[in-house]
$ cat data-v7.txt   # compact mmCIF, C-alpha atoms and all ligand atoms
# COMPACT_ATOMS: atom_id res chain seq x y z
CA ARG U 563 65.33 -102.42 131.80
CA GLN U 564 65.98 -98.69 131.45
CA ASN U 565 68.37 -98.92 134.38
CA ARG U 566 70.19 -101.84 132.91
CA LEU U 567 70.57 -99.95 129.65
CA ALA U 568 71.75 -96.82 131.46
CA ASN U 569 74.57 -98.88 132.98
CA LEU U 570 75.88 -99.45 129.46
CA ARG U 571 76.39 -95.73 128.88
CA PHE U 572 80.05 -95.62 129.81
CA GLN U 573 81.01 -99.06 128.55
CA THR U 574 82.67 -99.79 125.24
CA THR U 575 80.69 -102.00 122.91
CA SER U 576 81.72 -105.65 122.94
CA SER U 577 80.30 -108.82 121.44
CA SER U 578 80.21 -111.92 123.65
CA ASP U 579 83.48 -113.08 122.08
CA GLY U 580 85.23 -109.72 122.46
CA LYS U 581 84.82 -107.89 119.14
CA HIS U 582 84.53 -104.12 119.53
CA PRO U 583 82.45 -102.39 116.89
CA ILE U 584 82.06 -98.65 117.55
CA LEU U 585 78.59 -97.26 118.22
CA ALA U 586 78.36 -93.64 117.13
CA ALA U 587 75.56 -91.12 116.82
CA ASN U 588 74.00 -89.36 113.85
CA ILE U 589 73.27 -85.72 114.60
CA GLY U 590 71.53 -83.02 112.61
CA THR U 591 71.69 -80.04 114.96
CA LEU U 592 73.49 -78.93 118.09
CA ASP U 593 70.40 -80.00 120.08
CA ASP U 594 71.08 -83.60 119.05
CA LEU U 595 74.58 -83.41 120.49
CA GLN U 596 73.42 -83.68 124.10
CA GLY U 597 71.47 -86.82 123.24
CA ALA U 598 74.61 -88.34 121.73
CA VAL U 599 76.58 -87.71 124.92
CA GLU U 600 73.78 -88.89 127.22
CA ASN U 601 73.37 -92.14 125.31
CA GLY U 602 77.03 -93.04 125.43
CA ALA U 603 77.98 -92.43 121.79
CA GLU U 604 81.59 -93.42 121.13
CA GLY U 605 81.79 -90.75 118.45
CA ILE U 606 79.75 -88.88 115.87
CA GLY U 607 79.46 -91.01 112.73
CA LEU U 608 77.44 -88.49 110.75
CA PHE U 609 76.84 -84.81 111.32
CA ARG U 610 74.35 -83.72 108.67
CA THR U 611 75.33 -80.08 108.17
CA GLU U 612 72.26 -79.23 106.08
CA PHE U 613 70.50 -77.40 108.94
CA LEU U 614 73.14 -74.68 108.76
CA TYR U 615 71.90 -73.94 105.26
CA MET U 616 68.20 -74.63 105.77
CA ASP U 617 67.19 -72.95 109.04
CA THR U 618 68.33 -69.54 107.82
CA ASN U 619 67.71 -66.90 105.17
CA HIS U 620 71.33 -66.55 104.07
CA LEU U 621 74.31 -68.73 103.23
CA PRO U 622 76.06 -69.56 106.51
CA THR U 623 79.33 -67.66 106.80
CA GLU U 624 82.68 -69.32 107.51
CA ASP U 625 82.63 -68.02 111.10
CA GLU U 626 79.06 -69.14 111.76
CA GLN U 627 79.96 -72.63 110.57
CA PHE U 628 83.31 -72.70 112.38
CA LYS U 629 81.60 -72.02 115.74
CA VAL U 630 79.19 -74.93 115.26
CA TYR U 631 81.86 -77.43 114.14
CA LYS U 632 84.17 -76.37 116.98
CA GLN U 633 81.40 -76.87 119.51
CA VAL U 634 80.68 -80.38 118.23
CA LEU U 635 84.36 -81.34 118.35
CA GLU U 636 84.89 -79.86 121.82
CA THR U 637 81.75 -81.46 123.23
CA MET U 638 82.84 -84.86 121.94
CA ASP U 639 86.13 -84.37 123.74
CA HIS U 640 88.50 -86.04 121.27
CA LYS U 641 86.16 -88.84 120.37
CA PRO U 642 86.09 -89.20 116.57
CA VAL U 643 83.66 -86.88 114.74
CA ILE U 644 82.69 -87.30 111.08
CA ILE U 645 81.23 -84.17 109.54
CA ARG U 646 79.57 -84.47 106.15
CA THR U 647 79.73 -81.60 103.72
CA ALA U 648 76.36 -80.17 102.73
CA ASP U 649 73.85 -82.52 101.13
CA ILE U 650 71.63 -79.77 99.73
CA GLY U 651 70.16 -79.30 96.28
CA GLY U 652 67.20 -80.36 94.20
CA ASP U 653 64.83 -81.69 96.85
CA LYS U 654 65.39 -78.86 99.35
CA ASP U 655 64.12 -75.36 98.91
CA LEU U 656 66.74 -72.76 99.77
CA PRO U 657 65.13 -69.38 99.11
CA TYR U 658 68.44 -67.52 98.92
CA LEU U 659 70.06 -69.98 96.49
CA LYS U 660 67.56 -70.46 93.69
CA VAL U 661 68.13 -74.15 93.07
CA PRO U 662 66.03 -75.05 90.03
CA LYS U 663 63.05 -77.41 90.55
CA GLU U 664 63.71 -80.85 89.08
CA ASP U 665 61.53 -83.74 87.94
CA ASN U 666 63.81 -86.29 89.62
CA PRO U 667 65.53 -84.52 92.52
CA PHE U 668 66.97 -87.77 93.91
CA LEU U 669 68.70 -88.32 90.57
CA GLY U 670 69.64 -84.71 90.20
CA TYR U 671 71.60 -81.77 91.39
CA ARG U 672 72.43 -82.33 95.04
CA ALA U 673 75.22 -82.87 97.56
CA ILE U 674 78.74 -83.12 96.12
CA ARG U 675 77.36 -82.44 92.63
CA MET U 676 76.24 -79.00 93.77
CA SER U 677 79.34 -78.41 95.90
CA LEU U 678 81.63 -78.99 92.90
CA ASP U 679 79.44 -76.73 90.77
CA LYS U 680 79.41 -73.94 93.38
CA PRO U 681 82.99 -74.05 94.67
CA ASP U 682 82.69 -70.79 96.64
CA ILE U 683 80.06 -72.31 98.92
CA PHE U 684 82.08 -75.54 99.16
CA ARG U 685 85.36 -73.74 99.95
CA THR U 686 83.70 -71.74 102.72
CA GLN U 687 82.50 -74.93 104.38
CA LEU U 688 85.88 -76.66 103.99
CA ARG U 689 87.73 -73.70 105.51
CA ALA U 690 85.36 -73.68 108.48
CA LEU U 691 85.91 -77.42 108.91
CA LEU U 692 89.70 -77.22 108.63
CA ARG U 693 89.84 -74.40 111.17
CA ALA U 694 87.69 -76.46 113.54
CA SER U 695 89.99 -79.47 113.10
CA ALA U 696 92.35 -77.99 115.70
CA PHE U 697 89.74 -78.62 118.41
CA GLY U 698 89.22 -82.38 118.23
CA LYS U 699 89.41 -85.49 116.11
CA LEU U 700 87.79 -84.54 112.80
CA SER U 701 87.01 -86.55 109.69
CA ILE U 702 85.46 -84.94 106.63
CA MET U 703 83.04 -86.93 104.51
CA PHE U 704 81.66 -86.20 101.03
CA PRO U 705 78.04 -87.18 100.23
CA MET U 706 76.64 -88.77 97.06
CA ILE U 707 80.02 -89.47 95.50
CA THR U 708 79.43 -91.31 92.21
CA THR U 709 82.76 -91.18 90.34
CA ILE U 710 86.45 -91.21 91.26
CA ASN U 711 86.78 -87.96 89.37
CA GLU U 712 84.31 -86.19 91.68
CA LEU U 713 86.20 -87.46 94.71
CA GLN U 714 89.56 -86.33 93.32
CA ARG U 715 88.19 -82.87 92.55
CA ALA U 716 86.74 -82.56 96.06
CA LYS U 717 90.03 -83.66 97.61
CA THR U 718 92.01 -81.20 95.48
CA ILE U 719 89.83 -78.31 96.66
CA LEU U 720 90.16 -79.46 100.27
CA ASN U 721 93.95 -79.54 99.90
CA GLN U 722 94.06 -76.10 98.34
CA GLU U 723 92.14 -74.66 101.28
CA ARG U 724 94.40 -76.46 103.75
CA ILE U 725 97.50 -74.98 102.10
CA LYS U 726 95.96 -71.49 102.16
CA LEU U 727 95.17 -71.76 105.86
CA ILE U 728 98.66 -73.01 106.66
CA ARG U 729 100.11 -70.04 104.77
CA GLU U 730 97.83 -67.78 106.81
CA LYS U 731 99.31 -69.44 109.91
CA VAL U 732 95.93 -70.78 110.99
CA PRO U 733 96.32 -73.98 113.03
CA VAL U 734 94.92 -77.04 111.25
CA LYS U 735 95.27 -80.66 112.29
CA PRO U 736 95.40 -83.63 109.91
CA VAL U 737 91.87 -84.78 109.04
CA ARG U 738 90.79 -88.11 107.69
CA VAL U 739 88.84 -87.94 104.44
CA GLY U 740 86.06 -90.34 103.51
CA ILE U 741 83.06 -90.79 101.30
CA MET U 742 79.50 -91.82 101.83
CA VAL U 743 78.78 -94.89 99.73
CA GLU U 744 75.15 -94.36 98.82
CA VAL U 745 75.24 -94.59 95.02
CA PRO U 746 75.50 -98.08 93.49
CA ALA U 747 78.28 -96.98 91.10
CA ALA U 748 80.51 -96.17 94.06
CA ALA U 749 79.49 -99.34 95.90
CA ILE U 750 80.39 -101.51 92.90
CA LEU U 751 83.75 -99.76 92.45
CA ALA U 752 84.48 -99.69 96.18
CA ASP U 753 87.84 -101.42 95.65
CA GLN U 754 88.96 -98.53 93.43
CA PHE U 755 87.64 -95.86 95.79
CA ALA U 756 89.58 -97.54 98.58
CA ASN U 757 92.82 -96.20 97.07
CA GLU U 758 91.59 -92.64 97.53
CA VAL U 759 90.07 -92.46 101.03
CA ASP U 760 90.74 -93.11 104.71
CA PHE U 761 87.33 -94.67 105.38
CA MET U 762 83.93 -95.27 103.81
CA SER U 763 80.53 -94.90 105.39
CA ILE U 764 77.59 -96.75 103.88
CA GLY U 765 74.50 -94.57 103.50
CA THR U 766 71.82 -97.21 103.31
CA ASN U 767 68.90 -94.76 103.20
CA ASP U 768 69.89 -93.69 99.72
CA LEU U 769 71.78 -96.83 98.68
CA ILE U 770 68.68 -99.02 99.17
CA GLN U 771 66.45 -96.68 97.19
CA TYR U 772 68.95 -96.61 94.33
CA ILE U 773 69.52 -100.38 94.31
CA MET U 774 65.80 -101.15 94.41
CA ALA U 775 64.74 -98.19 92.24
CA ALA U 776 62.16 -97.28 94.90
CA ASP U 777 61.80 -93.74 96.25
CA ARG U 778 62.51 -93.91 99.99
CA GLY U 779 59.55 -91.59 100.69
CA ASN U 780 56.92 -93.04 98.33
CA ARG U 781 54.47 -95.29 100.19
CA HIS U 782 53.20 -96.85 96.96
CA VAL U 783 56.54 -98.53 96.42
CA SER U 784 57.56 -98.93 100.06
CA TYR U 785 57.22 -102.72 99.72
CA LEU U 786 60.34 -102.56 97.55
CA TYR U 787 62.35 -100.65 100.11
CA GLN U 788 64.00 -103.79 101.50
CA PRO U 789 67.10 -103.50 103.72
CA TYR U 790 67.35 -107.30 103.96
CA ASN U 791 67.05 -108.01 100.26
CA PRO U 792 70.05 -110.21 99.34
CA ALA U 793 70.92 -107.77 96.52
CA VAL U 794 71.33 -105.01 99.11
CA LEU U 795 73.26 -107.28 101.47
CA ARG U 796 75.67 -108.44 98.76
CA LEU U 797 76.49 -104.88 97.76
CA ILE U 798 77.03 -103.90 101.38
CA LYS U 799 79.35 -106.88 101.79
CA ASN U 800 81.25 -105.81 98.68
CA ILE U 801 81.90 -102.39 100.23
CA ILE U 802 83.00 -103.78 103.60
CA ASP U 803 85.34 -106.32 101.95
CA ALA U 804 86.86 -103.67 99.69
CA CYS U 805 87.62 -101.56 102.75
CA HIS U 806 89.14 -104.41 104.72
CA ASP U 807 91.19 -105.70 101.76
CA ASN U 808 92.75 -102.24 101.71
CA HIS U 809 93.14 -101.96 105.48
CA LEU U 810 90.45 -99.30 105.77
CA PRO U 811 87.61 -99.25 108.28
CA ALA U 812 84.03 -99.64 107.02
CA TYR U 813 81.28 -97.62 108.67
CA MET U 814 77.54 -97.34 108.21
CA CYS U 815 75.42 -94.28 108.97
CA GLY U 816 72.08 -95.08 107.30
CA GLU U 817 69.06 -96.17 109.37
CA MET U 818 70.03 -99.80 108.83
CA ALA U 819 72.96 -99.37 111.24
CA GLY U 820 70.53 -99.00 114.14
CA ASP U 821 68.12 -101.70 112.99
CA GLN U 822 68.02 -104.50 115.57
CA LEU U 823 67.42 -107.17 112.90
CA ALA U 824 70.19 -105.91 110.61
CA ILE U 825 72.85 -105.52 113.32
CA PRO U 826 73.52 -109.29 113.71
CA ILE U 827 74.24 -109.65 109.98
CA LEU U 828 76.33 -106.48 109.87
CA VAL U 829 78.39 -107.72 112.82
CA GLY U 830 78.89 -110.93 110.84
CA MET U 831 80.08 -108.93 107.85
CA GLY U 832 82.66 -107.21 110.04
CA LEU U 833 81.28 -103.65 109.96
CA ASP U 834 83.56 -101.49 112.13
CA GLU U 835 81.25 -98.64 113.11
CA PHE U 836 77.49 -98.36 113.44
CA SER U 837 76.23 -94.78 113.47
CA MET U 838 72.59 -94.27 114.43
CA ASN U 839 70.05 -92.09 116.15
CA ALA U 840 71.27 -91.59 119.71
CA SER U 841 68.10 -93.21 121.09
CA SER U 842 69.11 -96.56 119.52
CA ILE U 843 72.67 -96.74 120.89
CA LEU U 844 72.11 -98.36 124.28
CA LYS U 845 69.74 -101.06 123.04
CA SER U 846 72.16 -101.81 120.19
CA ARG U 847 75.03 -102.08 122.66
CA ALA U 848 72.94 -104.49 124.74
CA LEU U 849 72.11 -106.54 121.62
CA ILE U 850 75.74 -106.77 120.47
CA ARG U 851 76.82 -107.99 123.93
CA ARG U 852 74.60 -111.02 123.37
CA LEU U 853 76.05 -111.84 119.92
CA ASP U 854 78.91 -114.22 119.16
CA SER U 855 80.62 -112.64 116.16
CA ARG U 856 81.65 -116.05 114.74
CA GLU U 857 78.04 -117.21 114.76
CA MET U 858 77.11 -113.95 113.04
CA VAL U 859 79.69 -114.66 110.31
CA THR U 860 77.86 -117.92 109.66
CA LEU U 861 74.53 -116.08 109.61
CA ALA U 862 75.84 -113.45 107.19
CA ASN U 863 77.29 -116.07 104.86
CA LYS U 864 74.01 -117.94 104.87
CA ALA U 865 72.06 -114.80 104.03
CA LEU U 866 74.52 -113.89 101.28
CA THR U 867 74.65 -117.26 99.58
CA MET U 868 71.42 -119.12 100.33
CA ALA U 869 68.67 -116.50 100.41
CA SER U 870 66.84 -115.18 97.40
CA THR U 871 64.31 -113.02 99.25
CA SER U 872 64.15 -110.58 102.10
CA GLU U 873 61.76 -112.89 103.96
CA GLU U 874 64.26 -115.76 103.86
CA VAL U 875 66.94 -113.51 105.29
CA VAL U 876 64.67 -112.41 108.12
CA ALA U 877 63.89 -116.06 108.89
CA PHE U 878 67.64 -116.84 109.06
CA ILE U 879 68.15 -113.93 111.46
CA HIS U 880 65.37 -115.08 113.81
CA GLN U 881 66.77 -118.59 113.71
CA ALA U 882 70.26 -117.41 114.59
CA LEU U 883 69.07 -115.19 117.43
CA ASN U 884 66.89 -117.91 118.97
CA ASP U 885 69.60 -120.55 118.67
CA GLY U 886 72.13 -118.22 120.31
C1 LIG E 901 71.90 -92.21 103.85
O1 LIG E 901 71.60 -91.95 102.66
O2 LIG E 901 71.88 -93.35 104.31
C2 LIG E 901 72.29 -91.12 104.77
C3 LIG E 901 72.74 -91.39 105.97
O3 LIG E 901 72.15 -89.85 104.30
P1 LIG E 901 70.76 -89.06 104.34
O4 LIG E 901 69.78 -89.90 105.12
O5 LIG E 901 71.08 -87.76 105.01
O6 LIG E 901 70.45 -88.93 102.91
MG MG E 902 71.99 -90.00 101.85
$ encode --input "data-v7.txt" --output "structure tokens" --more "lines below"
Ligand code: PEP
Ligand code: MG
Amino acid sequence: RQNRLANLRFQTTSSSDGKHPILAANIGTLDDLQGAVENGAEGIGLFRTEFLYMDTNHLPTEDEQFKVYKQVLETMDHKPVIIRTADIGGDKDLPYLKVPKEDNPFLGYRAIRMSLDKPDIFRTQLRALLRASAFGKLSIMFPMITTINELQRAKTILNQERIKLIREKVPVKPVRVGIMVEVPAAAILADQFANEVDFMSIGTNDLIQYIMAADRGNRHVSYLYQPYNPAVLRLIKNIIDACHDNHLPAYMCGEMAGDQLAIPILVGMGLDEFSMNASSILKSRALIRRLDSREMVTLANKALTMASTSEEVVAFIHQALNDG
């Protein structure tokens, strides 16, 4: 079986009826990069840049960051790479930053909220990213976007840094700009956000906890953390449809994208890119090869309209996979 999977390394992903969703890797460090290449990732769908800030006793400098981003882009050899700006704040202890302790860190000061509040740190990261853009196919993604205003402010700062670099005669290539959709407010207003971005990537790890009001790390409420709950599925569908109505691609980089039970429904919803831990890529590619995307559309519609519980959705999925 391992051998059969290994043969899929250099193949593009294709459903049995010829649809080509992209299978990309999530990475958190440079060590993960090798795994992405070895498992046949068609791109990097999420580079969590937090480690640059966490595994150190000082704020990472522009040059330190530039070297890392450049290496990721060069290693991926012009395959698309999405780098997310820092998702740091309340729930992470950065000794050199003095982020105040909060009662509700997941509802607090983190990610883009902190970046917009500390523009010097944000600008340093954006400059490093823009400089690295010359070495591959870079997209920049903002985490935890909640309002259009936040997104516009982030984009304005990005543009200012681009103009500065161009004036300094530093080579920068055009980058695509996207948001993570992981806050229900953004998911509900996805059609409005679509006017402001080049792509969206659904962050189900946070989106599910915010939809279900259940801390993703609290075992006492883990029964509520339900990826297949129809409420979650309908909101995901809303995001994907908003993207497609506006001719944008819809990606997913939460754990759900690599979940073998969720993939059939997500294929049916028309998700364009699945970004996951590298170790899940080959088995997901093998799974998608067995799926007929038209049958998965039927499955997704059934789950979206006829199910009222997670269990019913799971039963529909098993039915569809066994029938297929
Ligand atoms: C997510 O929320 O789904 C996500 C990918 O971001 P993180 O897991 O880093 O919060
Ligand atoms: Mg998240």
$ residues_near_point --input "data-v7.txt" --point "(88.1, -98.0, 95.8)" --cutoff "10 Å" --atoms "all atoms listed in the file" --output "JSON, numbers by chain"
{"U": [710, 748, 749, 750, 751, 752, 753, 754, 755, 756, 757, 758, 759, 762, 801, 804, 805, 808]}
$ residues_near_ligand --input "data-v7.txt" --ligand "ligand LIG 901 (chain E)" --cutoff "9 Å" --atoms "all atoms listed in the file" --output "list in words"
Asn588, Gly590, Leu608, Arg610, Glu612, Asp649, Pro705, Met706, Met742, Val743, Glu744, Val745, Ser763, Ile764, Gly765, Thr766, Asn767, Asp768, Leu769, Ile770, Gln771, Met814, Cys815, Gly816, Glu817, Met818, Ser837 and Met838 of chain U
$ atom_distance --input "data-v7.txt" --atom1 "CA of Ser842 in chain U" --atom2 "CA of Leu585 in chain U"
9.6 Å
$ closest_residue --input "data-v7.txt" --among "U:Pro789, U:Gly779, U:Gly602, U:Pro733" --to "Arg689 in chain U" --atoms "all atoms listed in the file"
U:Pro733
$ axis_aligned_box --input "data-v7.txt" --around "range 790-793 of chain U" --padding-each-side "3 Å" --output "AutoDock Vina command-line options"
--center_x 69.0 --center_y -108.8 --center_z 100.2 --size_x 9.9 --size_y 8.9 --size_z 13.4
$ atom_distance --input "data-v7.txt" --atom1 "CA of Glu604 in chain U" --atom2 "CA of Asp821 in chain U"
17.8 Å
$ residues_near_point --input "data-v7.txt" --point "(65.3, -106.3, 102.1)" --cutoff "6 Å" --atoms "all atoms listed in the file" --output "count of residues only"
5
$ closest_residue --input "data-v7.txt" --among "U:Met703, U:Val630, U:Asp807, U:Lys735" --to "ligand MG 902 (chain E)" --atoms "all atoms listed in the file"
U:Met703
$ closest_residue --input "data-v7.txt" --among "U:Ile650, U:Leu786, U:His806, U:Tyr813" --to "ligand MG 902 (chain E)" --atoms "all atoms listed in the file"
U:Ile650
$ residues_around --input "data-v7.txt" --residues "Leu691 in chain U" --least-positions-apart "3" --cutoff "8 Å" --atoms "all atoms listed in the file" --output "list in words"
Gln627, Phe628, Tyr631, Gln687, Leu688, Ala694, Ser695 and Ile702 of chain U
$ residues_around --input "data-v7.txt" --residues "Phe609 in chain U" --least-positions-apart "4" --cutoff "8 Å" --atoms "all atoms listed in the file" --output "ChimeraX atom specification"
/U:588-591,643-646
$ residues_around --input "data-v7.txt" --residues "range 828-836 of chain U" --least-positions-apart "3" --cutoff "10 Å" --atoms "all atoms listed in the file" --output "ChimeraX atom specification"
/U:577,581-588,604-605,607,763-764,795,798-803,805-806,810-821,823-825,843,846,850,853-863,866
$ atom_distance --input "data-v7.txt" --atom1 "CA of Thr867 in chain U" --atom2 "CA of Tyr785 in chain U"
22.7 Å
$ closest_residue --input "data-v7.txt" --among "U:His640, U:Arg715, U:Arg778, U:Arg851" --to "ligand MG 902 (chain E)" --atoms "all atoms listed in the file"
U:Arg778
$ closest_residue --input "data-v7.txt" --among "U:Leu669, U:Ile683, U:Ala882, U:Val783" --to "ligand MG 902 (chain E)" --atoms "only C-alpha atoms and all ligand atoms"
U:Leu669
$ closest_residue --input "data-v7.txt" --among "U:Ser870, U:Ile707, U:Val875, U:Asn780" --to "ligand MG 902 (chain E)" --atoms "all atoms listed in the file"
U:Ile707
$ build_atoms --input "data-v7.txt" --residues "range 849-881 of chain U" --atoms "N, CA and C atoms" --output "compact mmCIF listing (two decimals), keeping the file's coordinate frame"
# COMPACT_ATOMS: atom_id res chain seq x y z
N LEU U 849 72.28 -105.45 122.59
CA LEU U 849 72.11 -106.54 121.62
C LEU U 849 73.47 -107.14 121.25
N ILE U 850 74.44 -106.27 120.93
CA ILE U 850 75.74 -106.77 120.47
C ILE U 850 76.43 -107.60 121.56
N ARG U 851 76.23 -107.22 122.83
CA ARG U 851 76.82 -107.99 123.93
C ARG U 851 76.34 -109.44 123.94
N ARG U 852 75.15 -109.65 123.39
CA ARG U 852 74.60 -111.02 123.37
C ARG U 852 75.05 -111.81 122.14
N LEU U 853 75.70 -111.17 121.18
CA LEU U 853 76.05 -111.84 119.92
C LEU U 853 77.45 -112.43 119.94
N ASP U 854 77.58 -113.63 119.39
CA ASP U 854 78.91 -114.22 119.16
C ASP U 854 79.27 -113.90 117.71
N SER U 855 80.34 -113.15 117.50
CA SER U 855 80.62 -112.64 116.16
C SER U 855 80.86 -113.79 115.17
N ARG U 856 81.41 -114.92 115.66
CA ARG U 856 81.65 -116.05 114.74
C ARG U 856 80.34 -116.66 114.27
N GLU U 857 79.37 -116.72 115.19
CA GLU U 857 78.04 -117.21 114.76
C GLU U 857 77.41 -116.24 113.77
N MET U 858 77.69 -114.95 113.94
CA MET U 858 77.11 -113.95 113.04
C MET U 858 77.77 -114.02 111.66
N VAL U 859 79.05 -114.44 111.61
CA VAL U 859 79.69 -114.66 110.31
C VAL U 859 78.95 -115.77 109.56
N THR U 860 78.62 -116.83 110.28
CA THR U 860 77.86 -117.92 109.66
C THR U 860 76.51 -117.42 109.17
N LEU U 861 75.83 -116.63 109.99
CA LEU U 861 74.53 -116.08 109.61
C LEU U 861 74.66 -115.21 108.34
N ALA U 862 75.67 -114.34 108.34
CA ALA U 862 75.84 -113.45 107.19
C ALA U 862 76.11 -114.26 105.93
N ASN U 863 76.98 -115.26 106.04
CA ASN U 863 77.29 -116.07 104.86
C ASN U 863 76.06 -116.80 104.33
N LYS U 864 75.24 -117.27 105.26
CA LYS U 864 74.01 -117.94 104.87
C LYS U 864 73.10 -116.97 104.12
N ALA U 865 72.94 -115.80 104.66
CA ALA U 865 72.06 -114.80 104.03
C ALA U 865 72.59 -114.41 102.66
N LEU U 866 73.92 -114.35 102.53
CA LEU U 866 74.52 -113.89 101.28
C LEU U 866 74.49 -114.95 100.19
N THR U 867 74.52 -116.21 100.60
CA THR U 867 74.65 -117.26 99.58
C THR U 867 73.37 -118.07 99.39
N MET U 868 72.54 -118.19 100.43
CA MET U 868 71.42 -119.12 100.33
C MET U 868 70.06 -118.46 100.18
N ALA U 869 69.99 -117.14 100.44
CA ALA U 869 68.67 -116.50 100.41
C ALA U 869 68.42 -115.84 99.06
N SER U 870 67.18 -115.91 98.61
CA SER U 870 66.84 -115.18 97.40
C SER U 870 65.82 -114.08 97.69
N THR U 871 65.28 -114.07 98.91
CA THR U 871 64.31 -113.02 99.25
C THR U 871 64.63 -112.44 100.62
N SER U 872 64.06 -111.25 100.83
CA SER U 872 64.15 -110.58 102.10
C SER U 872 63.56 -111.44 103.22
N GLU U 873 62.43 -112.08 102.94
CA GLU U 873 61.76 -112.89 103.96
C GLU U 873 62.65 -114.05 104.42
N GLU U 874 63.36 -114.66 103.47
CA GLU U 874 64.26 -115.76 103.86
C GLU U 874 65.37 -115.25 104.78
N VAL U 875 65.88 -114.08 104.45
CA VAL U 875 66.94 -113.51 105.29
C VAL U 875 66.43 -113.27 106.70
N VAL U 876 65.23 -112.69 106.80
CA VAL U 876 64.67 -112.41 108.12
C VAL U 876 64.48 -113.71 108.90
N ALA U 877 64.05 -114.76 108.21
CA ALA U 877 63.89 -116.06 108.89
C ALA U 877 65.23 -116.56 109.40
N PHE U 878 66.30 -116.43 108.61
CA PHE U 878 67.64 -116.84 109.06
C PHE U 878 68.06 -116.06 110.31
N ILE U 879 67.75 -114.77 110.31
CA ILE U 879 68.15 -113.93 111.46
C ILE U 879 67.44 -114.41 112.73
N HIS U 880 66.12 -114.63 112.62
CA HIS U 880 65.37 -115.08 113.81
C HIS U 880 65.91 -116.42 114.31
N GLN U 881 66.20 -117.30 113.36
CA GLN U 881 66.77 -118.59 113.71
C GLN U 881 68.07 -118.42 114.49
